[in-house]
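Text of work-v4.txt (compact mmCIF, C-alpha atoms) as supplied:
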```
# COMPACT_ATOMS: atom_id res chain seq x y z
CA MET Z 2 9.35 127.15 62.48
CA ASP Z 3 10.99 129.97 60.54
CA ALA Z 4 11.48 131.93 63.73
CA CYS Z 5 13.56 129.08 65.23
CA ARG Z 6 15.99 128.98 62.33
CA ARG Z 7 18.58 131.65 61.68
CA VAL Z 8 19.26 132.26 58.04
CA LYS Z 9 21.93 134.67 56.83
CA THR Z 10 21.70 136.32 53.49
CA SER Z 11 25.07 136.22 51.80
CA GLY Z 12 24.18 137.95 48.65
CA PRO Z 13 21.37 138.24 46.23
CA GLY Z 14 19.56 134.96 46.23
CA ARG Z 15 22.16 133.10 48.53
CA LEU Z 16 21.61 131.64 51.94
CA GLN Z 17 24.45 130.06 54.13
CA ASP Z 18 23.64 127.50 56.82
CA GLU Z 19 26.38 127.55 59.62
CA GLY Z 20 24.96 124.75 61.73
CA GLY Z 21 27.67 122.02 62.83
CA PHE Z 22 30.81 124.13 62.06
CA ALA Z 23 31.86 124.36 65.73
CA LEU Z 24 31.87 120.56 66.05
CA ALA Z 25 34.19 120.15 63.08
CA MET Z 26 36.62 122.73 64.50
CA ALA Z 27 36.57 121.01 67.88
CA VAL Z 28 37.35 117.62 66.34
CA PHE Z 29 40.18 119.15 64.30
CA ALA Z 30 41.59 120.83 67.41
CA LEU Z 31 41.48 117.56 69.34
CA VAL Z 32 43.28 115.74 66.54
CA LEU Z 33 45.94 118.45 66.41
CA LEU Z 34 46.33 118.38 70.20
CA ALA Z 35 46.63 114.59 70.16
CA ALA Z 36 49.36 114.84 67.52
CA VAL Z 37 51.23 117.39 69.62
CA VAL Z 38 50.91 115.21 72.72
CA ALA Z 39 51.99 112.11 70.82
CA GLY Z 40 54.96 113.97 69.38
CA GLY Z 41 55.95 115.25 72.78
CA TYR Z 42 55.64 111.78 74.28
CA PHE Z 43 57.75 110.29 71.49
CA THR Z 44 60.43 112.97 71.94
CA ALA Z 45 60.44 112.48 75.73
CA SER Z 46 60.63 108.71 75.29
CA GLN Z 47 63.57 109.07 72.91
CA GLU Z 48 65.37 111.43 75.26
CA PHE Z 49 64.71 109.03 78.15
CA GLN Z 50 66.17 106.14 76.16
CA ILE Z 51 69.17 108.25 75.16
CA GLY Z 52 69.69 109.38 78.76
CA ARG Z 53 69.31 105.83 80.03
CA GLY Z 54 71.79 104.61 77.45
CA MET Z 55 74.29 107.34 78.30
CA ARG Z 56 73.93 106.57 82.00
CA SER Z 57 74.46 102.87 81.35
CA LEU Z 58 77.52 103.55 79.21
CA ALA Z 59 78.93 105.92 81.83
CA THR Z 60 78.34 103.30 84.54
CA SER Z 61 80.04 100.69 82.37
CA PHE Z 62 82.97 103.00 81.68
CA TYR Z 63 83.62 103.87 85.32
CA ALA Z 64 83.11 100.27 86.43
CA GLY Z 65 85.77 99.12 83.97
CA GLU Z 66 88.12 101.93 84.94
CA SER Z 67 87.65 101.04 88.61
CA GLY Z 68 88.53 97.46 87.76
CA ILE Z 69 91.87 98.50 86.28
CA HIS Z 70 92.74 100.66 89.29
CA GLU Z 71 91.63 98.02 91.79
CA VAL Z 72 93.91 95.47 90.15
CA LEU Z 73 96.80 97.93 90.45
CA HIS Z 74 95.89 98.78 94.05
CA ASP Z 75 95.52 95.15 95.17
CA TRP Z 76 98.61 93.99 93.26
CA ASP Z 77 100.05 90.78 94.67
CA PRO Z 78 103.71 90.83 93.64
CA SER Z 79 104.30 87.27 94.84
CA VAL Z 80 101.96 86.04 92.09
CA ILE Z 81 101.73 88.66 89.34
CA ASN Z 82 105.36 89.81 89.18
CA PHE Z 83 106.51 86.30 88.37
CA LEU Z 84 104.13 85.48 85.54
CA ALA Z 85 105.91 84.14 82.48
CA PRO Z 86 105.52 86.16 79.26
CA GLY Z 87 102.06 85.44 77.90
CA GLY Z 88 100.77 84.33 81.29
CA THR Z 89 97.30 85.58 82.20
CA LEU Z 90 95.21 86.14 85.31
CA SER Z 91 91.51 86.94 85.58
CA PHE Z 92 89.80 89.10 88.20
CA GLY Z 93 86.08 89.37 88.83
CA PRO Z 94 83.32 89.58 88.20
CA LYS Z 95 82.92 92.16 90.93
CA THR Z 96 79.69 94.07 91.44
CA PHE Z 97 79.70 97.49 93.07
CA GLU Z 98 77.10 98.62 95.56
CA GLY Z 99 74.36 100.35 93.61
CA GLY Z 100 75.10 98.53 90.38
CA GLY Z 101 77.85 98.21 87.86
CA SER Z 102 80.37 95.38 87.59
CA TYR Z 103 83.64 94.51 85.91
CA ASN Z 104 85.76 91.64 84.68
CA VAL Z 105 89.49 92.14 84.23
CA GLN Z 106 92.10 90.10 82.42
CA LEU Z 107 95.80 90.74 82.99
CA VAL Z 108 98.50 89.55 80.58
CA ARG Z 109 102.27 89.63 81.09
CA VAL Z 110 103.83 90.92 77.88
CA GLY Z 111 107.45 91.13 76.81
CA ARG Z 112 110.28 88.61 77.02
CA ASP Z 113 111.96 86.57 79.72
CA ALA Z 114 115.01 88.77 79.17
CA ASP Z 115 113.05 91.73 80.55
CA SER Z 116 114.01 90.87 84.12
CA LEU Z 117 114.21 94.41 85.49
CA LYS Z 118 111.27 95.93 83.59
CA ARG Z 119 108.10 93.90 83.33
CA TYR Z 120 105.12 95.03 81.31
CA PHE Z 121 101.49 94.10 81.88
CA TYR Z 122 98.46 94.57 79.64
CA ILE Z 123 95.27 95.03 81.68
CA GLU Z 124 91.90 94.84 79.90
CA ALA Z 125 88.62 95.55 81.71
CA VAL Z 126 85.00 95.07 80.65
CA GLY Z 127 82.54 97.22 82.58
CA ARG Z 128 78.81 96.45 82.66
CA PRO Z 129 75.87 98.44 84.07
CA PRO Z 130 73.16 96.95 86.29
CA GLY Z 131 70.37 95.20 84.44
CA PRO Z 132 70.40 93.09 81.28
CA ASN Z 133 71.26 94.22 77.76
CA LEU Z 134 72.15 97.78 78.67
CA GLY Z 135 75.56 97.94 77.01
CA GLU Z 136 79.14 97.48 78.13
CA ARG Z 137 82.42 99.36 77.72
CA ARG Z 138 85.84 97.84 77.19
CA GLN Z 139 89.11 99.61 77.98
CA ALA Z 140 92.74 98.67 78.51
CA ALA Z 141 95.90 100.01 80.12
CA LEU Z 142 99.61 99.20 79.97
CA ALA Z 143 101.64 99.19 83.20
CA ARG Z 144 105.27 98.59 84.02
CA ALA Z 145 106.84 97.12 87.16
CA ARG Z 146 110.48 97.84 87.96
CA PHE Z 147 112.66 95.40 89.88
CA PRO Z 148 115.26 97.33 91.93
CA THR Z 149 118.74 95.85 92.28
CA PHE Z 150 120.48 98.06 94.85
CA CYS Z 151 121.34 95.25 97.23
CA CYS Z 152 123.89 94.07 98.32
CA ASP Z 153 127.67 94.19 98.50
CA ALA Z 154 128.10 93.09 102.14
CA ALA Z 155 126.10 91.89 105.11
CA VAL Z 156 126.64 95.36 106.58
CA LYS Z 157 127.69 98.58 104.88
CA VAL Z 158 128.80 101.10 107.50
CA HIS Z 159 130.26 104.58 107.61
CA GLY Z 160 130.97 104.94 111.34
CA ASP Z 161 132.76 102.76 113.89
CA VAL Z 162 132.13 99.06 114.56
CA THR Z 163 132.15 97.71 118.12
CA LEU Z 164 131.64 93.99 118.78
CA ALA Z 165 131.84 92.82 122.38
CA PRO Z 166 132.55 90.49 124.04
CA ALA Z 167 134.97 88.95 121.57
CA ASN Z 168 133.62 86.17 119.35
CA GLN Z 169 130.12 86.48 120.76
CA PRO Z 170 128.40 88.80 118.29
CA GLN Z 171 128.67 87.72 114.69
CA ILE Z 172 128.47 89.37 111.30
CA VAL Z 173 128.24 86.60 108.74
CA GLY Z 174 128.57 87.23 105.03
CA THR Z 175 128.40 83.61 103.90
CA ASN Z 176 124.93 82.60 102.81
CA ASP Z 177 124.29 78.84 102.77
CA ASP Z 178 120.83 78.03 104.11
CA PRO Z 179 117.38 79.65 103.99
CA PRO Z 180 116.98 82.02 106.93
CA GLY Z 181 115.03 81.16 110.06
CA ALA Z 182 112.01 78.94 109.42
CA TRP Z 183 111.96 79.48 105.65
CA SER Z 184 112.05 76.46 103.38
CA SER Z 185 114.23 75.79 100.37
CA ALA Z 186 111.15 76.25 98.17
CA THR Z 187 110.67 79.76 99.55
CA CYS Z 188 114.15 80.73 98.42
CA ALA Z 189 114.25 78.72 95.19
CA LEU Z 190 114.27 81.88 93.04
CA TYR Z 191 117.24 83.32 94.93
CA PRO Z 192 120.11 80.81 95.15
CA PRO Z 193 122.48 81.56 98.02
CA ASP Z 194 125.67 83.49 97.47
CA SER Z 195 128.35 84.86 99.77
CA LEU Z 196 129.66 88.36 100.39
CA PRO Z 197 132.05 90.11 102.75
CA GLY Z 198 130.65 90.47 106.22
CA LEU Z 199 131.48 94.18 106.41
CA ARG Z 200 132.14 96.94 103.90
CA TYR Z 201 133.39 100.10 105.58
CA GLY Z 202 134.71 103.58 104.89
CA SER Z 203 138.20 104.86 105.44
CA SER Z 204 137.28 106.62 108.70
CA THR Z 205 135.87 103.46 110.30
CA THR Z 206 137.51 101.73 113.25
CA ILE Z 207 136.69 98.06 113.83
CA ASP Z 208 136.81 96.22 117.14
CA GLU Z 209 137.15 92.41 117.13
CA LEU Z 210 137.65 91.38 113.52
CA SER Z 211 137.42 87.76 114.65
CA ALA Z 212 133.64 88.11 115.01
CA ILE Z 213 133.23 88.91 111.29
CA SER Z 214 133.26 86.35 108.50
CA GLY Z 215 132.59 86.46 104.77
CA TRP Z 216 133.80 85.65 101.31
CA PRO Z 217 136.20 86.31 99.67
CA SER Z 218 137.22 88.31 102.72
CA ALA Z 219 135.62 89.14 106.04
CA VAL Z 220 135.93 92.93 105.60
CA VAL Z 221 136.41 95.24 102.63
CA LEU Z 222 137.72 98.79 102.82
CA ASP Z 223 135.76 101.08 100.50
CA PRO Z 224 137.12 104.66 100.64
CA SER Z 225 134.21 105.87 98.53
CA ILE Z 226 131.75 105.38 101.39
CA THR Z 227 130.63 108.64 102.95
CA ARG Z 228 127.67 109.58 105.05
CA SER Z 229 126.18 111.52 102.16
CA ASN Z 230 126.34 108.68 99.62
CA MET Z 231 125.51 105.80 101.98
CA PHE Z 232 122.00 105.55 100.54
CA ASP Z 233 122.78 106.38 96.93
CA PHE Z 234 121.27 103.53 94.90
CA GLY Z 235 121.34 104.95 91.38
CA ASP Z 236 117.81 106.03 90.54
CA LEU Z 237 116.78 105.53 94.19
CA ASP Z 238 117.93 107.14 97.41
CA TYR Z 239 116.67 107.34 100.99
CA ASP Z 240 114.13 110.09 100.28
CA SER Z 241 112.72 108.36 97.20
CA LEU Z 242 112.36 105.13 99.19
CA ILE Z 243 110.29 107.05 101.74
CA ALA Z 244 107.85 107.94 98.96
CA TYR Z 245 107.09 104.20 98.55
CA ALA Z 246 106.48 103.56 102.27
CA ASP Z 247 103.50 101.41 103.20
CA LEU Z 248 103.64 102.45 106.85
CA THR Z 249 104.92 105.78 108.21
CA PHE Z 250 105.41 106.50 111.92
CA ASP Z 251 106.08 110.19 112.42
CA VAL Z 252 107.35 110.10 116.00
CA GLY Z 253 109.48 113.21 115.50
CA VAL Z 254 113.23 113.60 115.18
CA GLY Z 255 114.95 112.46 118.38
CA ASN Z 256 111.90 110.62 119.73
CA THR Z 257 111.71 106.84 120.06
CA MET Z 258 109.18 104.32 118.88
CA THR Z 259 109.03 100.86 120.50
CA PHE Z 260 107.79 97.85 118.57
CA ALA Z 261 107.20 94.42 120.13
CA GLY Z 262 106.63 92.24 117.07
CA SER Z 263 104.39 92.04 114.06
CA GLN Z 264 100.72 91.26 114.59
CA PRO Z 265 99.70 90.06 111.12
CA SER Z 266 96.00 90.48 110.42
CA VAL Z 267 93.62 89.71 107.59
CA THR Z 268 90.66 91.47 106.03
CA ALA Z 269 87.08 90.19 106.03
CA SER Z 270 87.79 88.52 102.68
CA GLY Z 271 90.82 86.67 104.11
CA LYS Z 272 93.52 88.78 102.46
CA CYS Z 273 96.51 90.25 104.23
CA ASN Z 274 95.45 93.50 105.90
CA ARG Z 275 98.04 95.96 104.62
CA ASP Z 276 96.37 98.91 106.33
CA ASP Z 277 97.08 97.60 109.84
CA PRO Z 278 100.05 99.54 111.31
CA ASP Z 279 100.92 96.60 113.58
CA ASN Z 280 101.15 94.23 110.62
CA TRP Z 281 104.79 93.93 109.55
CA GLY Z 282 104.36 90.62 107.76
CA ALA Z 283 104.34 87.03 108.98
CA PRO Z 284 107.89 85.82 108.32
CA GLU Z 285 107.65 82.70 110.50
CA ASP Z 286 104.26 81.42 109.31
CA PRO Z 287 104.39 80.35 105.63
CA SER Z 288 100.67 79.50 105.68
CA HIS Z 289 99.62 83.02 106.69
CA PRO Z 290 98.27 85.41 103.99
CA CYS Z 291 100.89 87.96 105.12
CA PHE Z 292 103.88 85.65 104.62
CA ASN Z 293 104.63 87.38 101.32
CA TYR Z 294 103.90 90.88 102.63
CA PHE Z 295 107.11 92.91 102.94
CA PRO Z 296 106.09 96.45 103.94
CA ILE Z 297 108.34 99.46 103.56
CA ILE Z 298 108.32 101.01 107.03
CA HIS Z 299 109.46 104.56 107.66
CA VAL Z 300 110.16 105.75 111.20
CA THR Z 301 111.14 109.41 111.41
CA GLY Z 302 112.92 109.06 114.77
CA ASN Z 303 114.50 106.18 116.71
CA LEU Z 304 113.18 102.62 116.58
CA VAL Z 305 113.57 99.97 119.29
CA LEU Z 306 112.53 96.34 118.84
CA VAL Z 307 111.80 94.67 122.18
CA GLY Z 308 110.71 91.30 123.52
CA ALA Z 309 110.27 88.16 121.48
CA GLY Z 310 108.87 88.63 118.03
CA SER Z 311 109.54 88.89 114.33
CA ALA Z 312 108.91 91.22 111.41
CA GLN Z 313 109.95 91.61 107.81
CA GLY Z 314 110.24 94.28 105.14
CA ILE Z 315 112.42 97.29 104.45
CA LEU Z 316 113.05 99.50 107.48
CA LEU Z 317 113.87 103.19 106.93
CA VAL Z 318 114.92 104.64 110.28
CA GLY Z 319 115.60 108.36 110.48
CA GLY Z 320 117.39 108.01 113.82
CA ARG Z 321 118.90 105.13 115.79
CA PHE Z 322 117.81 101.51 115.30
CA GLU Z 323 118.07 99.16 118.27
CA ASN Z 324 117.21 95.48 118.64
CA ASP Z 325 116.93 95.06 122.40
CA SER Z 326 115.82 91.44 122.78
CA ASP Z 327 117.24 88.92 125.22
CA ALA Z 328 116.42 85.20 125.32
CA ARG Z 329 117.02 85.11 129.06
CA PHE Z 330 113.90 87.17 129.59
CA PHE Z 331 111.86 87.19 126.39
CA GLY Z 332 113.35 85.48 123.37
CA PRO Z 333 114.92 86.74 120.16
CA PHE Z 334 113.39 89.38 117.94
CA ASP Z 335 114.25 88.42 114.36
CA PHE Z 336 113.95 90.77 111.40
CA TYR Z 337 113.95 89.57 107.77
CA GLY Z 338 114.86 92.01 105.03
CA LEU Z 339 116.76 95.30 104.83
CA ILE Z 340 117.52 97.92 107.46
CA LEU Z 341 118.61 101.44 106.50
CA THR Z 342 119.38 103.67 109.46
CA LYS Z 343 120.64 107.26 109.33
CA ASP Z 344 122.15 106.93 112.81
CA ASP Z 345 123.51 104.00 114.84
CA LEU Z 346 122.51 100.35 114.62
CA GLU Z 347 122.64 98.61 118.00
CA MET Z 348 121.95 94.94 118.68
CA ASP Z 349 121.86 93.99 122.35
CA GLY Z 350 120.83 90.40 122.95
CA THR Z 351 119.87 87.42 120.84
CA GLY Z 352 118.00 89.11 118.03
CA ASN Z 353 118.92 88.29 114.43
CA LEU Z 354 118.86 90.22 111.21
CA TYR Z 355 118.45 88.05 108.13
CA GLY Z 356 119.23 90.14 105.08
CA ALA Z 357 121.52 93.18 105.09
CA ALA Z 358 121.98 96.55 106.77
CA PHE Z 359 123.11 100.05 105.74
CA VAL Z 360 124.39 102.10 108.68
CA ALA Z 361 125.23 105.80 108.30
CA GLU Z 362 126.85 106.07 111.76
CA ASP Z 363 128.12 103.41 114.22
CA LEU Z 364 127.42 99.68 114.53
CA GLU Z 365 127.38 98.22 118.05
CA MET Z 366 126.71 94.57 118.89
CA ASP Z 367 127.07 93.06 122.34
CA ASN Z 368 125.60 90.77 124.98
CA VAL Z 369 124.48 87.23 124.19
CA LYS Z 370 125.55 86.61 120.62
CA PRO Z 371 123.33 88.77 118.41
CA ARG Z 372 123.84 88.03 114.73
CA ILE Z 373 123.60 89.75 111.37
CA GLN Z 374 123.30 86.97 108.81
CA TYR Z 375 123.50 88.01 105.20
CA SER Z 376 120.70 86.35 103.27
CA ARG Z 377 120.23 86.94 99.57
CA CYS Z 378 116.84 85.31 99.83
CA ALA Z 379 115.62 87.67 102.57
CA ALA Z 380 117.11 90.74 100.89
CA MET Z 381 115.71 89.95 97.44
CA ARG Z 382 112.29 88.92 98.72
CA ALA Z 383 112.12 92.21 100.62
CA LEU Z 384 112.87 94.08 97.40
CA ARG Z 385 110.88 92.03 94.90
CA LEU Z 386 107.76 91.67 97.08
CA SER Z 387 107.71 95.26 98.29
CA ASN Z 388 105.90 98.34 97.11
CA LEU Z 389 108.99 99.20 95.03
CA THR Z 390 107.78 96.78 92.35
CA ARG Z 391 104.16 97.95 92.31
CA PRO Z 392 103.48 98.76 88.64
CA ARG Z 393 102.75 102.25 87.41
CA LEU Z 394 100.86 103.13 84.27
CA LEU Z 395 103.15 104.25 81.46
CA SER Z 396 103.60 107.99 81.34
CA GLN Z 397 102.38 108.23 77.73
CA ARG Z 398 99.64 106.37 75.88
CA ALA Z 399 99.05 103.98 78.74
CA TRP Z 400 95.26 103.84 78.37
CA VAL Z 401 92.91 103.15 75.45
CA GLU Z 402 89.15 102.71 75.09
CA LEU Z 403 88.47 99.74 72.84
CA PHE Z 404 84.68 100.14 72.37
```

Output the structure of this file as structure tokens.
Amino acid sequence: MDACRRVKTSGPGRLQDEGGFALAMAVFALVLLAAVVAGGYFTASQEFQIGRGMRSLATSFYAGESGIHEVLHDWDPSVINFLAPGGTLSFGPKTFEGGGSYNVQLVRVGRDADSLKRYFYIEAVGRPPGPNLGERRQAALARARFPTFCCDAAVKVHGDVTLAPANQPQIVGTNDDPPGAWSSATCALYPPDSLPGLRYGSSTTIDELSAISGWPSAVVLDPSITRSNMFDFGDLDYDSLIAYADLTFDVGVGNTMTFAGSQPSVTASGKCNRDDPDNWGAPEDPSHPCFNYFPIIHVTGNLVLVGAGSAQGILLVGGRFENDSDARFFGPFDFYGLILTKDDLEMDGTGNLYGAAFVAEDLEMDNVKPRIQYSRCAAMRALRLSNLTRPRLLSQRAWVELF
């Protein structure tokens, strides 16, 4: 028995029994290891929760920010621009692919007297996917400007005016009825007024004054008109208008683009498709989603309207503009809005312009009674419903994060 037991002498008369010490050390080591593992798990869990929370807050933030910018991008001037002070609109909820959603509320702020500068407070709440993961709220302040550069005549021209045969073409400055198929309700915000039919520069020659009418006179001599200041509209000019263009057709200087009438289209959600280059509004269909769409159209070269059709908006033509429609073969091509051409304006046939024109060179009208009919309603709708009034965020302190 004594041979099977190891005894160590630790001093005179002392014996130490080491049996079971390894087991105690192993248990202690396991407890320590478990504590380390538990601590590591707790730390990892906390970091996961923090990371998840940060991701949720970031998703909420960018969802809300996207909501503000989508409201600005999809701005409907026919509705939003005419809110009364204190009027509100709600947008959403909209959920993005992959998660994240927003709700936006827009409020018109200011006074009724602020007719040319309208301010809008836009507040967005962004939420991440999943329940109870936090939300972020942010707001922005935007301003829409209402341009007033039109009009002082049915046609403002720098070059010569040729109207033939006598009494067939007409330039009409009196404005009594809504243009074309538009109703009185469409033009209720823009009561009719009357202007001279023609305002011209001192170097202009005019053929057939009898074909021009207006109030208080048919024609007005304006010696200040030059080719260089024809498109000077205060804080806007021809080049700055180009910067607002919805549609640009770069056909090249001297080349000609032919257009046979607007083909208004809608998106999958039923909204007016403003990205379609053939969509120049739906001026003769008040029930169409594009009835209130007045694009700014920039053509770098010449533009010719042919056949029977219609379009609306603000036309910026870098070359010659020609309306070459004839009812004997096709029907009239009617345009509603404003035409600014840096070369000649020619109307050959039965086409009508409802609105006003600015012509840097010559005006020629002949054939079967084409007509330029001044319309305050068409001119103002083209301005007030165009991209010119799309709001921009204020240059300073336009954005704030609420919480």

> From the set Z:Arg393, Z:Arg382, Z:Arg398, Z:His159, which residue has the shortest atom-to-atom contact distance to Ser229 of chain Z, counting only C-alpha atoms?
Replying inline: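 Among the listed residues, the smallest separation from Ser229 of chain Z belongs to Z:His159.
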
>> Set the distance at 12 Å and use only C-alpha atoms: which residues neighbour Leu196 of chain Z once local chain neighbours fewer than 4 positions away are removed? I'd like the list as a PyMOL selection string.
In response: chain Z and resi 151-157+172-177+200+213-221+356-357+374-377

> Residues at most 6 Å from segment 119-129 of chain Z, counting all atoms listed in the file, excluding those fewer than 2 positions away in the same chain, as a list in words?
Replying inline: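 That gives Ser57, Thr60, Ser61, Phe62, Ala64, Gly65, Gly101, Ser102, Tyr103, Asn104, Val105, Gln106, Leu107, Val108, Arg109, Val110, Glu136, Arg137, Arg138, Gln139, Ala140, Ala141, Leu142, Ala143, Arg144 and Ala145 of chain Z.
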
Coordinates of box centre and edge lengths for segment 395-398 of chain Z, 4 Å on every side, axis-aligned, as lines of an AutoDock Vina configuration file:
```
center_x = 101.6
center_y = 106.2
center_z = 78.7
size_x = 12.0
size_y = 12.0
size_z = 13.6
```

> In terms of the shortest atom-to-atom distance over only C-alpha atoms, which of Z:Thr301, Z:Ala312, Z:Val307, Z:Asp344 is closest to Asn280 of chain Z?
Replying inline: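 Counting only C-alpha atoms, the residue closest to Asn280 of chain Z is Z:Ala312.
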
> Smallest atom-to-atom distance to Ala358 of chain Z: which of Z:Gly308, Z:Gly198, Z:Pro287, Z:Pro333, using all atoms listed in the file?
Replying inline: Z:Gly198

> Could you work out how far atom CA of Phe359 of chain Z lies from atom CA of Tyr239 of chain Z, giving the answer in Å with one decimal?
Replying inline: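 Separation between atom CA of Tyr239 of chain Z and atom CA of Phe359 of chain Z: 10.8 Å.
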
> What gap, in Å, lies between atom CA of Leu389 of chain Z and atom CA of Gly262 of chain Z?
Replying inline: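 Separating atom CA of Leu389 of chain Z from atom CA of Gly262 of chain Z is a distance of 23.2 Å.
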
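The two atoms in question, atom CA of Arg112 of chain Z and atom CA of Gly88 of chain Z, are spaced 11.3 Å apart.
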
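Considering all atoms listed in the file, the residue among Z:Asp279, Z:Asp161, Z:Asp367, Z:Asp247 positioned nearest to Ile297 of chain Z is Z:Asp247.
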
> Residues at most 9 Å from His299 of chain Z, counting all atoms listed in the file, excluding those fewer than 4 positions away in the same chain, as a list in words?
Replying inline: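 Those residues are Leu242, Ile243, Ala246, Asp247, Leu248, Thr249, Phe250, Asp251, Ile315, Leu316, Leu317, Val318 and Gly319 of chain Z.
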
> With all atoms listed in the file as the basis for distance, which of Z:Leu394, Z:Met381, Z:Ala27, Z:Leu341 is at the shortest distance from Asp238 of chain Z?
Replying inline: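 Among the listed residues, Z:Leu341 lies closest to Asp238 of chain Z.
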
> Looking at Z:Leu58, Z:Gly160, Z:Asp240, Z:Gly99, which one is nearest to Gly135 of chain Z, with distances taken over all atoms listed in the file?
Replying inline: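 Nearest candidate to Gly135 of chain Z out of Z:Leu58, Z:Gly160, Z:Asp240, Z:Gly99: Z:Leu58.
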
>> Set the distance at 10 Å and use only C-alpha atoms: which residues neighbour Ala189 of chain Z once local chain neighbours fewer than 5 positions away are removed? I'd like the list as a PyMOL selection string.
In response: chain Z and resi 179+184+378

>> as an MDAnalysis selection string, please: the residues near Gly100 of chain Z (cut-off 6 Å, all atoms listed in the file, same-chain neighbours under 2 positions excluded).
In response: chainID Z and resid 97:98 130
